[in-house]
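File shown: run.csv (CSV, C-alpha atoms and all ligand atoms).
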chain,number,residue,atom,x,y,z
A,25,MET,CA,30.4,113.2,-5.7
A,26,PRO,CA,32.1,115.4,-8.3
A,27,LYS,CA,30.9,115.1,-11.8
A,28,ARG,CA,33.0,112.9,-14.1
A,29,ILE,CA,34.6,114.8,-17.0
A,30,PRO,CA,34.2,112.9,-20.3
A,31,THR,CA,37.5,111.7,-21.7
A,32,SER,CA,37.4,113.9,-24.8
A,33,ALA,CA,36.9,117.0,-22.7
A,34,LYS,CA,39.6,115.9,-20.3
A,35,SER,CA,42.2,115.7,-23.1
A,36,HIS,CA,41.1,119.2,-24.3
A,37,LEU,CA,41.6,120.6,-20.8
A,38,SER,CA,45.0,119.0,-20.3
A,39,ARG,CA,46.5,120.1,-23.5
A,40,GLU,CA,45.5,123.5,-24.9
A,41,THR,CA,46.0,123.8,-28.6
A,42,PHE,CA,45.5,126.5,-31.3
A,43,VAL,CA,45.4,126.6,-35.0
A,44,ALA,CA,48.2,128.3,-36.9
A,45,GLN,CA,49.6,128.7,-40.4
A,46,VAL,CA,53.1,127.7,-41.4
A,47,VAL,CA,54.8,130.7,-42.8
A,48,SER,CA,58.4,129.7,-43.1
A,49,CYS,CA,60.4,126.5,-43.4
A,50,HIS,CA,64.0,125.7,-43.5
A,51,GLY,CA,64.4,121.9,-43.3
A,52,ARG,CA,62.8,121.0,-40.0
A,53,HIS,CA,62.8,124.5,-38.6
A,54,HIS,CA,59.5,126.2,-39.0
A,55,PHE,CA,57.7,129.4,-38.2
A,56,VAL,CA,54.0,129.5,-37.6
A,57,ARG,CA,51.6,132.3,-36.8
A,58,ASP,CA,48.3,132.3,-35.0
A,59,GLU,CA,45.1,134.0,-36.0
A,60,SER,CA,46.2,137.3,-34.5
A,61,GLY,CA,49.5,137.2,-36.5
A,62,LYS,CA,51.8,136.4,-33.6
A,63,LEU,CA,54.8,134.3,-34.7
A,64,TYR,CA,56.2,131.2,-33.0
A,65,GLU,CA,59.1,129.0,-33.7
A,66,ALA,CA,57.7,125.5,-34.3
A,67,HIS,CA,58.9,121.9,-34.2
A,68,ARG,CA,57.0,119.0,-35.5
A,69,ARG,CA,56.0,116.5,-32.8
A,70,GLY,CA,57.7,113.2,-33.4
A,71,LYS,CA,60.3,114.8,-35.7
A,72,LYS,CA,58.3,114.0,-38.7
A,73,GLY,CA,59.4,115.9,-41.8
A,74,ASP,CA,56.0,116.5,-43.2
A,75,VAL,CA,55.3,120.2,-42.5
A,76,VAL,CA,55.1,122.5,-45.6
A,77,VAL,CA,54.8,126.2,-45.9
A,78,GLY,CA,51.1,127.1,-46.3
A,79,ASP,CA,50.0,124.3,-44.1
A,80,THR,CA,47.3,124.9,-41.5
A,81,VAL,CA,48.4,123.1,-38.3
A,82,VAL,CA,47.3,122.5,-34.8
A,83,CYS,CA,49.9,123.5,-32.2
A,84,SER,CA,50.3,123.0,-28.5
A,85,ALA,CA,50.5,126.0,-26.2
A,86,ALA,CA,53.7,128.0,-26.5
A,87,VAL,CA,56.6,127.6,-24.1
A,88,ASP,CA,59.1,130.4,-24.5
A,89,ASN,CA,57.6,131.3,-27.8
A,90,THR,CA,58.2,127.8,-29.2
A,91,VAL,CA,55.4,125.4,-30.0
A,92,ALA,CA,55.0,121.8,-31.1
A,93,ILE,CA,53.1,121.1,-34.3
A,94,GLU,CA,50.7,118.3,-33.2
A,95,SER,CA,48.9,117.7,-36.5
A,96,ILE,CA,48.4,119.1,-40.0
A,97,LYS,CA,44.9,119.9,-41.3
A,98,GLU,CA,43.8,118.4,-44.6
A,99,ARG,CA,45.4,120.3,-47.5
A,100,THR,CA,43.5,121.6,-50.5
A,101,SER,CA,46.6,121.1,-52.6
A,102,LEU,CA,50.2,120.0,-52.3
A,103,LEU,CA,52.9,120.9,-54.8
A,104,PHE,CA,56.0,118.9,-54.8
A,105,ARG,CA,59.0,117.9,-56.9
A,106,GLN,CA,60.6,114.6,-56.7
A,107,ASP,CA,63.7,113.0,-58.2
A,108,GLU,CA,65.1,109.5,-58.0
A,109,TRP,CA,66.5,110.2,-54.5
A,110,ARG,CA,64.1,112.3,-52.6
A,111,THR,CA,60.8,114.1,-52.4
A,112,LYS,CA,60.6,117.8,-51.6
A,113,THR,CA,57.4,119.4,-50.9
A,114,LEU,CA,57.2,123.0,-52.0
A,115,ALA,CA,53.9,124.5,-50.8
A,116,ALA,CA,50.6,123.5,-49.4
A,117,ASN,CA,47.1,125.0,-50.0
A,118,ILE,CA,48.0,127.1,-52.9
A,119,ASP,CA,45.7,127.6,-55.9
A,120,THR,CA,48.1,129.3,-58.3
A,121,LEU,CA,51.6,128.5,-59.6
A,122,VAL,CA,53.3,131.6,-61.0
A,123,ILE,CA,56.2,130.5,-63.2
A,124,VAL,CA,58.7,133.3,-64.1
A,125,TYR,CA,61.2,133.2,-66.9
A,126,ALA,CA,63.2,135.8,-68.9
A,127,SER,CA,65.5,136.0,-71.9
A,128,ARG,CA,68.6,136.6,-69.8
A,129,PRO,CA,70.1,134.7,-68.1
A,130,ARG,CA,69.3,132.0,-70.6
A,131,PHE,CA,66.0,130.3,-69.7
A,132,ASN,CA,65.4,126.6,-70.0
A,133,PRO,CA,62.0,125.8,-71.5
A,134,TRP,CA,62.0,122.4,-69.8
A,135,PHE,CA,61.9,124.1,-66.4
A,136,VAL,CA,58.7,125.9,-67.4
A,137,TRP,CA,57.2,122.7,-69.0
A,138,LYS,CA,58.1,120.7,-65.9
A,139,ALA,CA,56.5,123.3,-63.6
A,140,LEU,CA,53.3,123.1,-65.8
A,141,LEU,CA,53.2,119.3,-65.3
A,142,ALA,CA,53.6,119.7,-61.6
A,143,ALA,CA,50.8,122.3,-61.5
A,144,HIS,CA,48.6,120.0,-63.5
A,145,ALA,CA,49.3,117.0,-61.2
A,146,ALA,CA,48.5,119.2,-58.1
A,147,ARG,CA,45.4,120.7,-59.7
A,148,VAL,CA,46.8,124.2,-59.3
A,149,HIS,CA,46.2,126.9,-61.9
A,150,PRO,CA,49.5,127.8,-63.7
A,151,VAL,CA,50.3,131.3,-64.9
A,152,ILE,CA,53.4,132.0,-66.9
A,153,ILE,CA,55.2,135.4,-66.8
A,154,ARG,CA,57.8,136.5,-69.2
A,155,ASN,CA,59.9,139.1,-67.3
A,156,LYS,CA,62.5,141.6,-68.5
A,157,THR,CA,60.7,142.6,-71.7
A,158,ASP,CA,63.1,145.6,-71.8
A,159,LEU,CA,66.0,143.4,-72.8
A,160,ALA,CA,66.6,143.2,-76.6
A,161,GLU,CA,69.0,140.3,-76.3
A,162,GLY,CA,67.1,137.0,-76.7
A,163,ALA,CA,63.8,138.8,-76.8
A,164,GLU,CA,62.5,137.2,-79.9
A,165,GLU,CA,63.1,133.7,-78.6
A,166,ALA,CA,61.5,134.5,-75.2
A,167,ALA,CA,58.5,136.0,-77.0
A,168,ARG,CA,58.1,133.1,-79.3
A,169,PHE,CA,58.2,130.7,-76.3
A,170,LEU,CA,55.5,132.7,-74.5
A,171,ASN,CA,53.4,132.6,-77.6
A,172,SER,CA,53.8,128.8,-77.9
A,173,LEU,CA,52.5,128.5,-74.3
A,174,LYS,CA,49.6,130.7,-75.1
A,175,LEU,CA,48.7,128.6,-78.0
A,176,LEU,CA,48.7,125.5,-75.7
A,177,GLY,CA,46.0,127.3,-73.8
A,178,TYR,CA,47.9,128.6,-70.8
A,179,GLU,CA,47.5,132.0,-69.1
A,180,THR,CA,50.5,134.1,-70.1
A,181,HIS,CA,51.8,137.6,-69.2
A,182,GLU,CA,54.7,139.8,-70.1
A,183,ILE,CA,56.2,142.3,-67.7
A,184,CYS,CA,59.2,144.4,-67.0
A,185,ALA,CA,59.4,144.2,-63.2
A,186,GLN,CA,62.5,146.4,-62.9
A,187,THR,CA,61.7,149.6,-64.8
A,188,ILE,CA,58.1,149.6,-66.0
A,189,THR,CA,57.0,148.9,-62.4
A,190,ALA,CA,53.5,150.5,-62.3
A,191,GLU,CA,52.4,148.5,-65.3
A,192,ALA,CA,54.1,145.3,-64.0
A,193,LEU,CA,52.4,145.8,-60.7
A,194,GLY,CA,48.9,146.1,-62.3
A,195,GLU,CA,49.6,142.9,-64.2
A,196,LEU,CA,50.9,141.1,-61.1
A,197,ASP,CA,48.1,142.3,-58.9
A,198,ALA,CA,45.6,140.8,-61.3
A,199,ILE,CA,47.3,137.5,-61.1
A,200,VAL,CA,47.8,137.1,-57.4
A,201,ASN,CA,45.2,139.2,-55.7
A,202,ASN,CA,42.9,137.2,-53.5
A,203,HIS,CA,44.8,134.0,-54.5
A,204,ARG,CA,47.3,131.8,-52.7
A,205,SER,CA,50.3,131.6,-55.0
A,206,LEU,CA,53.7,129.9,-55.2
A,207,LEU,CA,56.4,131.8,-57.2
A,208,VAL,CA,58.9,129.6,-59.1
A,209,GLY,CA,61.6,130.3,-61.6
A,210,GLN,CA,65.2,129.5,-62.4
A,211,SER,CA,67.8,131.7,-60.6
A,212,GLY,CA,68.1,135.2,-62.0
A,213,MET,CA,64.7,135.5,-63.7
A,214,GLY,CA,63.5,138.2,-61.4
A,215,LYS,CA,61.5,136.5,-58.7
A,216,SER,CA,62.8,138.6,-55.9
A,217,THR,CA,62.2,141.7,-57.9
A,218,ILE,CA,58.6,140.6,-58.5
A,219,LEU,CA,58.2,139.7,-54.8
A,220,ASN,CA,59.4,143.1,-53.7
A,221,LEU,CA,56.8,144.7,-55.9
A,222,LEU,CA,54.1,142.7,-54.4
A,223,VAL,CA,55.2,142.8,-50.8
A,224,GLN,CA,56.9,145.9,-49.5
A,225,ASN,CA,58.7,144.4,-46.5
A,226,ALA,CA,59.6,141.1,-48.1
A,227,ASN,CA,63.3,141.5,-47.7
A,228,ALA,CA,63.0,142.5,-44.1
A,229,LYS,CA,60.8,139.5,-43.4
A,230,THR,CA,63.2,137.0,-44.9
A,231,GLN,CA,66.0,138.5,-42.8
A,232,GLU,CA,63.9,138.3,-39.7
A,233,TYR,CA,63.1,134.6,-40.2
A,234,SER,CA,66.6,133.6,-41.1
A,235,GLN,CA,68.1,135.5,-38.2
A,236,ALA,CA,65.6,133.9,-35.8
A,237,LEU,CA,66.5,130.5,-37.2
A,238,ASN,CA,70.2,131.3,-36.9
A,239,LEU,CA,70.7,130.7,-40.6
A,240,GLY,CA,73.0,133.7,-41.1
A,241,ARG,CA,73.1,134.5,-44.7
A,242,GLN,CA,71.6,131.4,-46.0
A,243,THR,CA,68.4,133.2,-46.8
A,244,THR,CA,68.0,131.6,-50.2
A,245,THR,CA,67.0,128.2,-48.8
A,246,VAL,CA,64.2,129.4,-46.6
A,247,THR,CA,60.7,129.0,-48.2
A,248,THR,CA,58.6,131.8,-47.0
A,249,LEU,CA,55.0,132.9,-47.1
A,250,TYR,CA,54.2,136.6,-47.5
A,251,ASP,CA,50.8,138.3,-47.1
A,252,LEU,CA,49.9,140.5,-50.1
A,253,ASP,CA,50.0,144.2,-49.6
A,254,ARG,CA,46.8,145.1,-51.5
A,255,SER,CA,44.5,142.1,-51.1
A,256,TYR,CA,43.8,138.9,-49.2
A,257,GLY,CA,45.9,136.1,-50.2
A,258,PHE,CA,49.6,135.3,-50.0
A,259,VAL,CA,52.6,134.5,-52.2
A,260,ILE,CA,55.1,131.8,-51.3
A,261,ASP,CA,58.7,132.2,-52.5
A,262,SER,CA,60.7,129.1,-52.8
A,263,PRO,CA,64.1,130.1,-53.9
A,264,GLY,CA,67.2,128.2,-54.7
A,265,PHE,CA,66.3,125.4,-57.0
A,266,GLN,CA,67.0,124.7,-60.7
A,267,GLU,CA,65.2,121.4,-61.1
A,268,PHE,CA,61.7,120.4,-61.0
A,269,GLY,CA,61.8,116.6,-60.6
A,270,LEU,CA,58.6,114.8,-61.6
A,271,ALA,CA,59.2,111.2,-60.6
A,272,HIS,CA,56.0,111.2,-58.6
A,273,LEU,CA,53.8,111.5,-61.7
A,274,GLU,CA,52.1,108.8,-63.7
A,275,LEU,CA,52.5,108.6,-67.5
A,276,ASN,CA,48.9,109.2,-68.1
A,277,GLU,CA,49.1,112.4,-66.0
A,278,VAL,CA,52.0,113.6,-68.1
A,279,ILE,CA,50.1,113.0,-71.3
A,280,ALA,CA,47.0,114.7,-69.9
A,281,ALA,CA,49.1,117.7,-69.0
A,282,MET,CA,50.5,118.0,-72.6
A,283,PRO,CA,47.5,119.0,-74.7
A,284,ASP,CA,49.5,119.2,-77.9
A,285,ILE,CA,50.4,115.5,-77.5
A,286,ALA,CA,47.2,114.3,-75.8
A,287,GLN,CA,45.1,115.2,-78.8
A,288,TYR,CA,46.8,112.6,-80.9
A,289,VAL,CA,46.6,109.7,-78.4
A,290,GLY,CA,43.9,107.1,-79.1
A,291,GLY,CA,44.8,106.0,-82.6
A,292,CYS,CA,47.7,103.8,-81.6
A,293,ARG,CA,47.8,100.1,-82.5
A,294,PHE,CA,48.5,99.1,-78.9
A,295,ALA,CA,46.0,100.3,-76.2
A,296,ASN,CA,48.8,100.6,-73.7
A,297,CYS,CA,51.1,102.5,-76.1
A,298,LYS,CA,53.6,104.7,-74.4
A,299,HIS,CA,54.3,106.6,-77.7
A,300,LEU,CA,58.0,105.9,-77.4
A,301,LYS,CA,59.3,102.9,-79.5
A,302,GLU,CA,56.0,101.2,-80.4
A,303,PRO,CA,55.1,100.7,-84.0
A,304,ALA,CA,51.9,102.3,-85.5
A,305,CYS,CA,51.8,105.0,-82.9
A,306,SER,CA,49.5,107.9,-83.7
A,307,VAL,CA,51.6,110.3,-81.6
A,308,LYS,CA,54.7,109.6,-83.6
A,309,ARG,CA,52.7,109.8,-86.8
A,310,ALA,CA,51.6,113.3,-85.8
A,311,LEU,CA,55.2,114.1,-85.0
A,312,GLN,CA,56.3,113.0,-88.5
A,313,ASP,CA,53.5,115.1,-90.0
A,314,GLY,CA,54.8,118.1,-88.2
A,315,LEU,CA,51.7,118.4,-86.0
A,316,ILE,CA,53.7,118.0,-82.8
A,317,ALA,CA,56.8,120.1,-82.2
A,318,GLN,CA,60.0,118.0,-82.0
A,319,ASP,CA,61.2,119.7,-78.8
A,320,ARG,CA,57.9,119.0,-77.0
A,321,TYR,CA,58.1,115.3,-78.1
A,322,ASP,CA,61.7,115.1,-76.9
A,323,PHE,CA,60.6,116.5,-73.6
A,324,TYR,CA,57.8,114.0,-73.3
A,325,CYS,CA,60.2,111.1,-74.1
A,326,ALA,CA,62.6,112.3,-71.4
A,327,ILE,CA,59.9,112.5,-68.7
A,328,ALA,CA,58.4,109.2,-69.8
A,329,GLN,CA,61.9,107.6,-69.6
A,330,THR,CA,62.4,108.9,-66.1
A,331,LEU,CA,59.1,107.3,-65.0
A,332,GLU,CA,60.1,104.1,-66.7
A,333,ASN,CA,63.4,103.9,-64.9
A,334,LYS,CA,61.6,104.6,-61.6
A,335,SER,CA,59.4,101.6,-62.1
A,336,THR,CA,62.4,99.3,-62.5
A,337,TYR,CA,64.2,100.4,-59.3
A,401,LIG,N1,66.6,144.3,-67.4
A,401,LIG,C1,65.8,143.8,-66.4
A,401,LIG,N2,66.4,143.3,-65.3
A,401,LIG,C2,65.6,142.8,-64.4
A,401,LIG,C3,64.2,142.8,-64.4
A,401,LIG,N3,63.7,142.2,-63.3
A,401,LIG,C4,64.7,141.9,-62.6
A,401,LIG,N4,65.9,142.2,-63.2
A,401,LIG,C5,67.3,142.0,-62.7
A,401,LIG,O1,67.6,140.6,-62.9
A,401,LIG,C6,68.5,140.2,-61.8
A,401,LIG,C7,68.0,139.1,-61.1
A,401,LIG,O2,66.8,139.5,-60.4
A,401,LIG,P1,66.3,138.8,-59.1
A,401,LIG,O3,64.9,139.4,-58.8
A,401,LIG,O4,67.3,138.8,-58.1
A,401,LIG,O5,66.1,137.3,-59.6
A,401,LIG,P2,65.7,136.0,-58.8
A,401,LIG,O6,64.9,135.2,-59.8
A,401,LIG,O7,65.1,136.3,-57.5
A,401,LIG,O8,67.1,135.3,-58.7
A,401,LIG,P3,67.6,134.3,-57.5
A,401,LIG,O9,67.7,135.2,-56.2
A,401,LIG,O10,69.0,133.9,-58.0
A,401,LIG,O11,66.6,133.2,-57.4
A,401,LIG,C8,68.7,141.5,-60.9
A,401,LIG,O12,69.9,142.1,-61.3
A,401,LIG,C9,67.5,142.3,-61.3
A,401,LIG,O13,67.7,143.7,-61.1
A,401,LIG,C10,63.6,143.4,-65.6
A,401,LIG,O14,62.4,143.5,-65.8
A,401,LIG,N5,64.5,143.9,-66.6
A,402,ZN,ZN,51.3,105.7,-79.3
Starting from the coordinates I provided, produce the structure as structure tokens.
Ligand SMILES: Nc1nc2c(ncn2[C@@H]2O[C@H](COP(=O)(O)OP(=O)(O)OP(=O)(O)O)[C@@H](O)[C@H]2O)c(=O)[nH]1
Ligand SMILES: [Zn+2]
Amino acid sequence: MPKRIPTSAKSHLSRETFVAQVVSCHGRHHFVRDESGKLYEAHRRGKKGDVVVGDTVVCSAAVDNTVAIESIKERTSLLFRQDEWRTKTLAANIDTLVIVYASRPRFNPWFVWKALLAAHAARVHPVIIRNKTDLAEGAEEAARFLNSLKLLGYETHEICAQTITAEALGELDAIVNNHRSLLVGQSGMGKSTILNLLVQNANAKTQEYSQALNLGRQTTTVTTLYDLDRSYGFVIDSPGFQEFGLAHLELNEVIAAMPDIAQYVGGCRFANCKHLKEPACSVKRALQDGLIAQDRYDFYCAIAQTLENKSTY
């Protein structure tokens, strides 16, 4: 009599699988690569929209270079943005969030602050880069902003990615080498310029993915993972967004991620004080005494208000 095959072994025999990394996403179109670096077009089994660039996934054997993503391995981190209407995941398994801004085009401090809150919530180390230090216009304001971030305790850098490239590269290498980073910034701040310094064939790769996905020239909406040229690690570029919705945060997380405000919490009359309209609030007292910057408090109020609205949907 033939030996019986245990059920678990049977399922293994009937469906060969392999582990891969998700390197590119455009909506529900994905690219994954196996351990040898071979690329496959991938579709999520069951049409679930839960696959994110940076994910480690288990795929079924390839048919015509296309695979099905059967499952997603546990993530070490997941960075996402959320507004009232929808949640958008940005990157999985990253350890560093690189936030880029410059004096021109005009930058919005709130974008940087929101990115910092998102990083804090995802337990990802944030690094802020002020790019385009060669521009005189708006330089003072941009430098002042960077200094204010440094005073809050964040890691900050200044570079000129376009012309002082060797120096910029040294600085960038120190930030991303052997790390898994996501690069974010408002449009025009120099993210592509930075990416091209870090990854020589970045442009070609983006083209390759978007052509394979039949996206034509819509390259800006493809989130892509690039291996670093000079070390282990990768950088994910997630272009084409201006907003960093934070509706998924809790108020106490927001406060914890704002050290300049958090240090004055605790002396309020009400234990559940939200530091908005309540009387005898120690945060508002610190604001009146000039210990908290007005624009940071305004930012806090705006975020707190969004969260409040969410809870009344
Ligand atoms: N003066 C100056 N210009 C820069 C520097 N870095 C980038 N630029 C220029 O700024 C413009 C925008 O740079 P990109 O790298 O395309 O910016 P991006 O953030 O990728 O923009 P999107 O593709 O719109 O998301 C380009 O014209 C760059 O040449 C810099 O250090 N100094
Ligand atoms: Zn209070």
### Message
Residues within 8 Å of segment 202-216 of chain A, please, as an MDAnalysis selection string. Count all atoms listed in the file; anything in the same chain fewer than 5 positions from it doesn't count.
### Response
chainID A and resid 115 117:126 128:129 131 135:136 155:156 185 255:266
Step by step, measure atom-to-atom distances between ligand ZN 402 (chain A) and each residue using all atoms listed in the file, keep those at most 12 Å, then write them as a compact mmCIF listing (two decimals) with C-alpha atoms, keeping the file's coordinate frame.
# COMPACT_ATOMS: atom_id res chain seq x y z
CA ASN A 276 48.90 109.20 -68.10
CA ILE A 279 50.10 113.00 -71.30
CA ILE A 285 50.40 115.50 -77.50
CA ALA A 286 47.20 114.30 -75.80
CA GLN A 287 45.10 115.20 -78.80
CA TYR A 288 46.80 112.60 -80.90
CA VAL A 289 46.60 109.70 -78.40
CA GLY A 290 43.90 107.10 -79.10
CA GLY A 291 44.80 106.00 -82.60
CA CYS A 292 47.70 103.80 -81.60
CA ARG A 293 47.80 100.10 -82.50
CA PHE A 294 48.50 99.10 -78.90
CA ALA A 295 46.00 100.30 -76.20
CA ASN A 296 48.80 100.60 -73.70
CA CYS A 297 51.10 102.50 -76.10
CA LYS A 298 53.60 104.70 -74.40
CA HIS A 299 54.30 106.60 -77.70
CA LEU A 300 58.00 105.90 -77.40
CA LYS A 301 59.30 102.90 -79.50
CA GLU A 302 56.00 101.20 -80.40
CA PRO A 303 55.10 100.70 -84.00
CA ALA A 304 51.90 102.30 -85.50
CA CYS A 305 51.80 105.00 -82.90
CA SER A 306 49.50 107.90 -83.70
CA VAL A 307 51.60 110.30 -81.60
CA LYS A 308 54.70 109.60 -83.60
CA ARG A 309 52.70 109.80 -86.80
CA ALA A 310 51.60 113.30 -85.80
CA LEU A 311 55.20 114.10 -85.00
CA TYR A 321 58.10 115.30 -78.10
CA CYS A 325 60.20 111.10 -74.10
### Task
Could you tell me which of A:Ala92, A:Met282, A:Leu193, A:Ile199 comes closest to ligand LIG 401 (chain A) if we count all atoms listed in the file?
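Result for the nearest residue to ligand LIG 401 (chain A): A:Leu193.
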### Task
Mind checking which residues fall within 12 Å of segment 159-172 of chain A, counting all atoms listed in the file, ignoring those fewer than 4 positions away in the same chain, and posting them as a ChimeraX atom specification?
/A:123-134,136-137,151-155,176-187,213,284,316-317,319-320
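Shown here are all protein and nucleic acid residues lying within 6 Å of (60.3, 134.7, -43.6), with only C-alpha atoms considered: Ser48, Lys229, Thr230, Tyr233 and Thr248 of chain A.
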### Query
Near Arg68 of chain A, counting only C-alpha atoms, which residues have an atom at most 12 Å away, once you skip same-chain residues fewer than 3 positions from it, shown as a list in words?
Val46, Cys49, Gly51, Arg52, His53, His54, Phe55, Val56, Glu65, Lys71, Lys72, Gly73, Asp74, Val75, Val76, Val81, Val82, Cys83, Ser84, Thr90, Val91, Ala92, Ile93, Glu94, Ser95 and Ile96 of chain A
### Message
So that I can check the surroundings of Asn89 of chain A, please list as a list in words every protein, DNA and RNA residue that reaches within 10 Å of it, counting all atoms listed in the file and ignoring chain neighbours fewer than 5 positions away.
### Response
Lys62, Leu63, Tyr64, Glu65 and Ala66 of chain A
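As for atom CA of Lys174 of chain A and atom CA of Leu219 of chain A, they are spaced 23.8 Å apart.
Atom CA of Ser101 of chain A sits 7.2 Å away from atom CA of Arg147 of chain A.
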### atom CA of Ala145 of chain A to atom CA of Leu273 of chain A, distance in Å rounded to a single decimal
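Atom CA of Leu273 of chain A lies at a distance of 7.1 Å from atom CA of Ala145 of chain A.
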